[in-house]
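data36.csv follows (CSV, C-alpha atoms):
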```csv
chain,number,residue,atom,x,y,z
L,1,MET,CA,-35.6,-3.3,5.0
L,2,ASN,CA,-33.2,-1.5,7.3
L,3,ILE,CA,-29.8,-3.0,7.8
L,4,LYS,CA,-28.0,-3.3,11.1
L,5,PHE,CA,-24.3,-2.7,11.2
L,6,SER,CA,-21.5,-2.7,13.7
L,7,LYS,CA,-18.3,-0.6,13.7
L,8,TYR,CA,-15.0,-2.3,14.9
L,9,HIS,CA,-11.3,-1.4,14.7
L,10,GLY,CA,-8.1,-3.3,14.9
L,11,THR,CA,-5.3,-1.0,16.1
L,12,GLY,CA,-7.0,1.9,14.4
L,13,ASN,CA,-7.8,0.2,11.1
L,14,ASP,CA,-11.6,0.6,11.2
L,15,PHE,CA,-14.4,-1.4,9.6
L,16,ILE,CA,-18.2,-1.5,9.1
L,17,ILE,CA,-19.3,-5.1,9.6
L,18,ILE,CA,-22.7,-6.5,8.6
L,19,ASP,CA,-24.3,-9.9,9.3
L,20,ASN,CA,-25.3,-11.0,5.8
L,21,ARG,CA,-26.0,-14.7,6.5
L,22,SER,CA,-29.5,-14.2,5.0
L,23,LEU,CA,-27.8,-12.8,1.8
L,24,ILE,CA,-30.4,-10.1,1.8
L,25,LEU,CA,-27.7,-7.5,1.1
L,26,LYS,CA,-26.4,-7.3,-2.5
L,27,PRO,CA,-23.3,-5.1,-2.2
L,28,LYS,CA,-22.8,-2.3,-4.7
L,29,THR,CA,-19.6,-0.4,-5.2
L,30,GLU,CA,-21.0,3.1,-5.0
L,31,TRP,CA,-23.1,2.2,-1.9
L,32,ILE,CA,-20.1,0.8,0.0
L,33,ALA,CA,-17.9,3.7,-0.9
L,34,LYS,CA,-20.6,6.1,0.4
L,35,LEU,CA,-20.9,4.2,3.7
L,36,CYS,CA,-17.1,4.2,4.2
L,37,HIS,CA,-16.8,8.0,3.4
L,38,ARG,CA,-15.7,9.9,6.5
L,39,ARG,CA,-17.7,13.0,5.6
L,40,PHE,CA,-20.9,11.6,4.0
L,41,GLY,CA,-21.1,8.2,5.5
L,42,ILE,CA,-20.3,6.1,8.6
L,43,GLY,CA,-16.6,6.3,7.9
L,44,ALA,CA,-14.3,3.3,7.7
L,45,ASP,CA,-11.2,1.9,5.9
L,46,GLY,CA,-13.4,-0.9,4.6
L,47,LEU,CA,-16.6,-2.9,4.9
L,48,MET,CA,-17.0,-6.6,5.7
L,49,LEU,CA,-19.9,-9.0,5.2
L,50,LEU,CA,-20.2,-12.1,7.5
L,51,GLU,CA,-21.8,-14.8,5.5
L,52,LYS,CA,-22.6,-18.5,5.9
L,53,SER,CA,-20.0,-21.2,5.0
L,54,ARG,CA,-20.8,-24.8,4.4
L,55,ASP,CA,-17.5,-26.1,5.9
L,56,PHE,CA,-16.6,-23.3,8.4
L,57,ASP,CA,-18.0,-21.1,11.1
L,58,PHE,CA,-18.5,-18.3,8.6
L,59,SER,CA,-17.0,-16.6,5.5
L,60,MET,CA,-15.5,-13.2,5.4
L,61,LYS,CA,-16.2,-10.9,2.4
L,62,TYR,CA,-14.1,-7.7,2.4
L,63,PHE,CA,-14.5,-4.5,0.5
L,64,ASN,CA,-12.1,-1.6,0.4
L,65,ALA,CA,-13.2,2.0,1.2
L,66,ASN,CA,-13.5,2.7,-2.5
L,67,GLY,CA,-16.2,0.1,-2.7
L,68,ASN,CA,-14.3,-2.6,-4.6
L,69,GLU,CA,-13.8,-6.1,-3.3
L,70,GLY,CA,-10.4,-6.4,-1.7
L,71,THR,CA,-7.9,-9.0,-0.9
L,72,MET,CA,-7.2,-10.3,2.6
L,73,CYS,CA,-7.2,-7.9,5.5
L,74,GLY,CA,-5.5,-9.0,8.7
L,75,ASN,CA,-6.9,-6.4,11.0
L,76,GLY,CA,-10.3,-7.0,9.5
L,77,GLY,CA,-9.9,-10.8,10.0
L,78,ARG,CA,-9.5,-10.2,13.8
L,79,CYS,CA,-12.4,-7.8,13.9
L,80,ILE,CA,-14.8,-10.2,12.1
L,81,VAL,CA,-13.9,-13.0,14.5
L,82,VAL,CA,-14.9,-10.8,17.4
L,83,PHE,CA,-18.1,-9.8,15.6
L,84,ALA,CA,-18.9,-13.5,15.1
L,85,TYR,CA,-18.2,-14.0,18.9
L,86,ASN,CA,-20.6,-11.2,19.8
L,87,LEU,CA,-23.3,-12.8,17.5
L,88,GLY,CA,-22.9,-16.1,19.3
L,89,ILE,CA,-21.6,-17.9,16.2
L,90,ILE,CA,-18.3,-18.9,17.9
L,91,LYS,CA,-16.8,-19.1,21.3
L,92,SER,CA,-13.1,-18.6,21.7
L,93,LEU,CA,-12.1,-20.5,18.5
L,94,ALA,CA,-13.0,-19.8,14.9
L,95,LYS,CA,-12.4,-21.2,11.5
L,96,PHE,CA,-13.5,-19.1,8.5
L,97,SER,CA,-13.0,-18.7,4.8
L,98,ALA,CA,-11.7,-15.6,3.1
L,99,ILE,CA,-10.6,-14.6,-0.4
L,100,ASP,CA,-7.1,-15.9,0.1
L,101,GLY,CA,-8.2,-19.2,1.6
L,102,ASN,CA,-9.1,-20.6,5.1
L,103,HIS,CA,-8.1,-19.1,8.4
L,104,SER,CA,-8.3,-20.1,12.0
L,105,ALA,CA,-8.3,-17.7,15.0
L,106,GLU,CA,-8.4,-17.7,18.8
L,107,ILE,CA,-9.7,-15.0,21.1
L,108,LEU,CA,-7.0,-15.0,23.8
L,109,LYS,CA,-8.7,-12.7,26.2
L,110,HIS,CA,-11.1,-9.8,26.4
L,111,GLU,CA,-12.2,-7.0,28.7
L,112,LYS,CA,-15.5,-5.3,27.9
L,113,ASN,CA,-15.3,-4.3,24.2
L,114,ASP,CA,-11.6,-4.9,23.7
L,115,PHE,CA,-10.3,-8.3,22.6
L,116,LEU,CA,-6.9,-9.8,21.9
L,117,VAL,CA,-7.0,-12.1,18.9
L,118,ASP,CA,-4.5,-14.6,17.4
L,119,LEU,CA,-5.2,-14.9,13.6
L,120,LYS,CA,-3.4,-17.6,11.6
L,121,MET,CA,-2.4,-16.3,8.1
L,122,GLN,CA,-1.5,-18.1,4.9
L,123,ASN,CA,2.0,-19.4,4.3
L,124,VAL,CA,4.4,-17.1,2.4
L,125,GLU,CA,6.9,-18.5,-0.1
L,126,ASP,CA,7.1,-16.4,-3.3
L,127,ILE,CA,9.2,-13.5,-2.0
L,128,LYS,CA,10.9,-11.1,-4.3
L,129,ILE,CA,14.0,-9.4,-2.8
L,130,TYR,CA,15.4,-6.3,-4.5
L,131,LYS,CA,18.2,-3.9,-3.6
L,132,ASP,CA,16.1,-1.4,-1.8
L,133,HIS,CA,12.8,-3.2,-1.1
L,134,TYR,CA,10.9,-6.5,-0.7
L,135,PHE,CA,7.7,-7.6,-2.4
L,136,ILE,CA,5.7,-10.0,-0.3
L,137,ASN,CA,2.2,-11.4,-0.7
L,138,THR,CA,0.6,-12.1,2.7
L,139,GLY,CA,-2.9,-12.5,1.4
L,140,SER,CA,-2.5,-9.0,-0.1
L,141,PRO,CA,0.5,-7.7,-2.1
L,142,HIS,CA,3.0,-5.6,-0.1
L,143,TYR,CA,6.0,-3.4,-1.0
L,144,VAL,CA,8.3,-3.2,2.0
L,145,CYS,CA,11.0,-0.6,2.3
L,146,PHE,CA,13.2,0.2,5.3
L,147,VAL,CA,13.7,3.9,6.1
L,148,GLU,CA,14.9,6.2,8.9
L,149,ASN,CA,13.0,9.0,10.6
L,150,LEU,CA,9.7,7.4,9.8
L,151,ASP,CA,7.8,9.8,12.1
L,152,SER,CA,8.4,12.7,9.6
L,153,PHE,CA,8.4,10.6,6.5
L,154,ASP,CA,6.0,11.6,3.7
L,155,VAL,CA,4.1,8.3,3.6
L,156,PHE,CA,1.2,9.6,1.5
L,157,ASN,CA,3.1,11.0,-1.4
L,158,GLU,CA,5.9,8.5,-1.5
L,159,GLY,CA,3.5,5.6,-1.0
L,160,ARG,CA,1.2,6.9,-3.7
L,161,LYS,CA,4.0,7.1,-6.2
L,162,ILE,CA,4.9,3.4,-5.6
L,163,ARG,CA,1.3,2.2,-5.5
L,164,TYR,CA,0.6,3.7,-8.9
L,165,SER,CA,4.0,3.0,-10.5
L,166,LYS,CA,4.1,1.1,-13.8
L,167,ASP,CA,5.9,-1.8,-12.1
L,168,PHE,CA,2.7,-2.7,-10.2
L,169,MET,CA,0.1,-2.0,-12.9
L,170,PRO,CA,-2.8,-2.7,-13.3
L,171,ASN,CA,-3.7,-3.7,-9.7
L,172,GLY,CA,-1.2,-1.7,-7.7
L,173,THR,CA,0.2,-2.6,-4.4
L,174,ASN,CA,0.1,-1.7,-0.7
L,175,VAL,CA,3.3,0.2,0.4
L,176,ASN,CA,5.0,-0.2,3.8
L,177,PHE,CA,7.7,2.0,5.2
L,178,VAL,CA,9.5,0.4,8.2
L,179,GLU,CA,11.9,1.8,10.7
L,180,ILE,CA,14.0,-0.5,13.0
L,181,LYS,CA,14.0,0.8,16.6
L,182,ASP,CA,16.0,-1.2,19.1
L,183,GLU,CA,15.2,-4.4,17.2
L,184,ASN,CA,11.5,-3.6,17.3
L,185,LEU,CA,9.7,-2.2,14.3
L,186,PHE,CA,7.6,0.9,13.5
L,187,VAL,CA,5.5,0.5,10.4
L,188,ARG,CA,3.4,3.0,8.4
L,189,THR,CA,1.4,1.9,5.4
L,190,TYR,CA,-0.2,3.4,2.4
L,191,GLU,CA,-3.2,1.2,1.5
L,192,ARG,CA,-4.5,0.7,-2.0
L,193,GLY,CA,-8.3,0.9,-2.0
L,194,VAL,CA,-8.3,3.3,0.8
L,195,GLU,CA,-5.8,5.5,-1.2
L,196,ASN,CA,-4.3,6.9,1.9
L,197,GLU,CA,-2.2,6.0,4.9
L,198,THR,CA,-4.2,3.9,7.5
L,199,TYR,CA,-3.5,3.8,11.2
L,200,SER,CA,-2.5,0.1,10.8
L,201,CYS,CA,-2.4,-2.7,8.3
L,202,GLY,CA,-2.3,-6.3,9.5
L,203,THR,CA,-1.1,-7.9,6.3
L,204,GLY,CA,1.4,-5.1,5.9
L,205,VAL,CA,2.8,-5.6,9.4
L,206,THR,CA,3.0,-9.3,8.7
L,207,ALA,CA,5.0,-8.6,5.5
L,208,SER,CA,7.2,-6.1,7.3
L,209,ALA,CA,8.0,-8.7,10.0
L,210,ILE,CA,9.0,-11.2,7.3
L,211,ALA,CA,11.1,-8.7,5.5
L,212,PHE,CA,12.9,-7.9,8.7
L,213,SER,CA,13.6,-11.6,9.3
L,214,LEU,CA,15.1,-11.8,5.8
L,215,ARG,CA,17.1,-8.7,6.2
L,216,GLU,CA,18.5,-9.2,9.8
L,217,ASN,CA,18.0,-12.9,10.2
L,218,LYS,CA,16.1,-12.2,13.4
L,219,THR,CA,12.6,-12.2,14.6
L,220,VAL,CA,10.8,-9.2,16.0
L,221,GLN,CA,8.4,-9.3,18.9
L,222,ASN,CA,6.8,-5.8,19.0
L,223,ILE,CA,5.6,-3.9,16.0
L,224,ALA,CA,4.3,-0.4,16.5
L,225,THR,CA,1.8,1.3,14.2
L,226,ARG,CA,0.1,4.6,14.5
L,227,GLY,CA,-3.0,2.8,15.9
L,228,GLY,CA,-1.3,0.4,18.3
L,229,LYS,CA,1.0,-2.6,18.7
L,230,LEU,CA,0.9,-5.9,16.9
L,231,SER,CA,3.1,-9.0,17.0
L,232,VAL,CA,3.8,-11.6,14.3
L,233,LYS,CA,5.1,-15.2,14.9
L,234,PHE,CA,6.1,-17.7,12.3
L,235,GLU,CA,8.3,-20.6,11.4
L,236,LYS,CA,11.1,-19.9,8.9
L,237,LYS,CA,12.9,-22.2,6.6
L,238,GLY,CA,15.1,-20.5,4.1
L,239,ASN,CA,12.9,-17.9,2.4
L,240,SER,CA,9.7,-19.8,3.2
L,241,PHE,CA,7.4,-18.9,6.1
L,242,THR,CA,4.8,-21.1,7.6
L,243,ASN,CA,2.6,-21.2,10.7
L,244,ILE,CA,2.3,-17.4,10.6
L,245,HIS,CA,0.2,-15.8,13.3
L,246,LEU,CA,-0.8,-12.1,13.5
L,247,ILE,CA,-1.7,-11.2,17.1
L,248,GLY,CA,-3.3,-8.0,18.2
L,249,SER,CA,-6.4,-6.1,19.4
L,250,ALA,CA,-9.9,-5.9,17.9
L,251,SER,CA,-12.4,-3.6,19.5
L,252,PHE,CA,-16.1,-2.9,19.2
L,253,VAL,CA,-16.8,0.8,18.7
L,254,PHE,CA,-20.6,1.2,18.1
L,255,LYS,CA,-23.6,-0.2,16.2
L,256,GLY,CA,-26.4,1.3,14.3
L,257,VAL,CA,-29.0,1.0,11.5
L,258,ILE,CA,-28.7,1.9,7.8
L,259,LEU,CA,-32.0,3.1,6.6
L,260,ALA,CA,-33.4,1.3,3.5
L,261,MET,CA,-33.8,4.7,1.7
L,262,LEU,CA,-30.0,4.9,1.6
L,263,PHE,CA,-29.6,1.7,-0.5
```

Hey, can you dump this file as structure tokens for me?
Amino acid sequence: MNIKFSKYHGTGNDFIIIDNRSLILKPKTEWIAKLCHRRFGIGADGLMLLEKSRDFDFSMKYFNANGNEGTMCGNGGRCIVVFAYNLGIIKSLAKFSAIDGNHSAEILKHEKNDFLVDLKMQNVEDIKIYKDHYFINTGSPHYVCFVENLDSFDVFNEGRKIRYSKDFMPNGTNVNFVEIKDENLFVRTYERGVENETYSCGTGVTASAIAFSLRENKTVQNIATRGGKLSVKFEKKGNSFTNIHLIGSASFVFKGVILAMLF
């Protein structure tokens, strides 16, 4: 049987999304990695399956570009909400389950294939603060470091060193480099599982906004990434953060069919 897919991106972080409510697709690591490959496949930072949920509108199953099942993806969460909307599963509001727990979301507005989505994230409490960086889990683990001249910074090599350092073995970590620009942020992220810099990382932007709040005792409204702008809102009490919302775009790119012979 041929499999229909759709391609979406959230501020340049792109995904293959498949409706797997029938559970006909049994994901395999090599097959997912091939589909995500930018030369020999469709090309994406990850693949998501939308599946049925007993208690919610749907469940989200996320795989990194290397084919392994991943942790929470904030940009992917917004994209799968729009995918569910286009399937007619939801209207403007959604509740879904993911690997890190349950999420709610709201489509704030849309024009043609471009949507603005507010995604509620999990609470963040166990934050590790070091002299030169922060370690924050926002559904995925993130190393956050503040730097200058981020435009010319070697994100790939410096991020790779940290991602594979012994301090984060065996699973590694995502690595975010953050520059403060007029009380706004510019964030670039090396993502594990993609093993490269991505145009944007939703959970990384969330971690960066939290780190900025701890560092400067301020909130930030606008966060720039290579793929576009995001915003993060939360309630802060000491080093605990609740009612966290990641707000940004999610856009439909194209759809197609994966031939059965490729499985």

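Take the candidates L:Tyr134, L:Tyr62, L:Phe56, L:Phe115 and check each one against His103 of chain L using all atoms listed in the file; the shortest distance goes to L:Phe56.
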
Discussion item. List as a VMD selection string the protein and nucleic acid residues near segment 33-47 of chain L, meaning an atom at most 7 Å away when all atoms listed in the file are counted, but skip any in the same chain fewer than 5 places from it.
Written reply: chain L and resid 13 to 17 62 to 67 194

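Comparing L:Ser213, L:Asn86, L:Asn222, L:Thr173 by their smallest distance to Arg192 of chain L, the closest is L:Thr173 (using all atoms listed in the file).
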
Practice prompt. Go through L:Ile180, L:Ile3, L:Ala207, L:Val257 one by one, measure the shortest atom-to-atom distance of each to Ile127 of chain L using only C-alpha atoms, and give the residue with the smallest value.
Written response: L:Ala207

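Using all atoms listed in the file, the shortest contact distance between Lys128 of chain L and any of L:Ala224, L:Ile210, L:Met169, L:Leu49 is found at L:Ile210.
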
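Nearest to Ser140 of chain L of all the residues L:Gly12, L:Gly256, L:Pro27, L:Gly172 is L:Gly172, counting all atoms listed in the file.
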
Return as CSV the residues of segment 116-159 of chain L lying at most 8 Å from segment 244-249 of chain L, together with the closest atom-to-atom pair for each and the distance in Å to one decimal, counting all atoms listed in the file, with rows in chain order and ascending residue number.
```
residue,atom,partner,partner_atom,distance
L:Leu116,CA,L:Ser249,CA,4.5
L:Val117,CA,L:Gly248,CA,5.6
L:Asp118,CA,L:Ile247,CA,4.4
L:Leu119,CA,L:Leu246,CA,5.2
L:Lys120,CA,L:His245,CA,4.4
L:Met121,CA,L:Ile244,CA,5.4
L:Gln122,CA,L:Ile244,CA,6.9
L:Asn123,CA,L:Ile244,CA,6.6
```

Could you write those residues out with C-alpha atoms, as an mmCIF file, keeping the file's coordinate frame?
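result.cif was written with the following content:
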```cif
data_model
loop_
_atom_site.group_PDB
_atom_site.id
_atom_site.type_symbol
_atom_site.label_atom_id
_atom_site.label_comp_id
_atom_site.auth_asym_id
_atom_site.auth_seq_id
_atom_site.Cartn_x
_atom_site.Cartn_y
_atom_site.Cartn_z
ATOM 1 C CA LEU L 116 -6.900 -9.800 21.900
ATOM 2 C CA VAL L 117 -7.000 -12.100 18.900
ATOM 3 C CA ASP L 118 -4.500 -14.600 17.400
ATOM 4 C CA LEU L 119 -5.200 -14.900 13.600
ATOM 5 C CA LYS L 120 -3.400 -17.600 11.600
ATOM 6 C CA MET L 121 -2.400 -16.300 8.100
ATOM 7 C CA GLN L 122 -1.500 -18.100 4.900
ATOM 8 C CA ASN L 123 2.000 -19.400 4.300
#
```

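Computed from the coordinates, the atom CA of Arg21 of chain L to atom CA of Lys52 of chain L distance equals 5.1 Å.
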
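The two atoms in question, atom CA of Leu87 of chain L and atom CA of Ala105 of chain L, are spaced 16.0 Å apart.
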
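Atom pair atom CA of Met1 of chain L / atom CA of Lys61 of chain L has a distance of 21.0 Å (rounded to one decimal).
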
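In this comparison, which uses all atoms listed in the file, the residue of L:Asn157, L:Thr242, L:Thr29, L:Asn2 approaching Gly70 of chain L most closely is L:Thr29.
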
Name the residues within 12 Å of (-17.5, -8.1, 28.9), counting all atoms listed in the file in the file's coordinates, and put them as an mmCIF file with C-alpha atoms, in the coordinates of the input.
```
data_model
loop_
_atom_site.group_PDB
_atom_site.id
_atom_site.type_symbol
_atom_site.label_atom_id
_atom_site.label_comp_id
_atom_site.auth_asym_id
_atom_site.auth_seq_id
_atom_site.Cartn_x
_atom_site.Cartn_y
_atom_site.Cartn_z
ATOM 1 C CA TYR L 85 -18.200 -14.000 18.900
ATOM 2 C CA ASN L 86 -20.600 -11.200 19.800
ATOM 3 C CA LYS L 109 -8.700 -12.700 26.200
ATOM 4 C CA HIS L 110 -11.100 -9.800 26.400
ATOM 5 C CA GLU L 111 -12.200 -7.000 28.700
ATOM 6 C CA LYS L 112 -15.500 -5.300 27.900
ATOM 7 C CA ASN L 113 -15.300 -4.300 24.200
ATOM 8 C CA ASP L 114 -11.600 -4.900 23.700
ATOM 9 C CA PHE L 115 -10.300 -8.300 22.600
ATOM 10 C CA SER L 251 -12.400 -3.600 19.500
ATOM 11 C CA PHE L 252 -16.100 -2.900 19.200
#
```

Item to complete: Counting all atoms listed in the file, select every polymer residue within 9 Å of (0.9, 2.8, 12.2) as defined in the file's coordinates, and provide the selection as a ChimeraX atom specification.
Response: /L:11-12,186-189,197-201,224-229
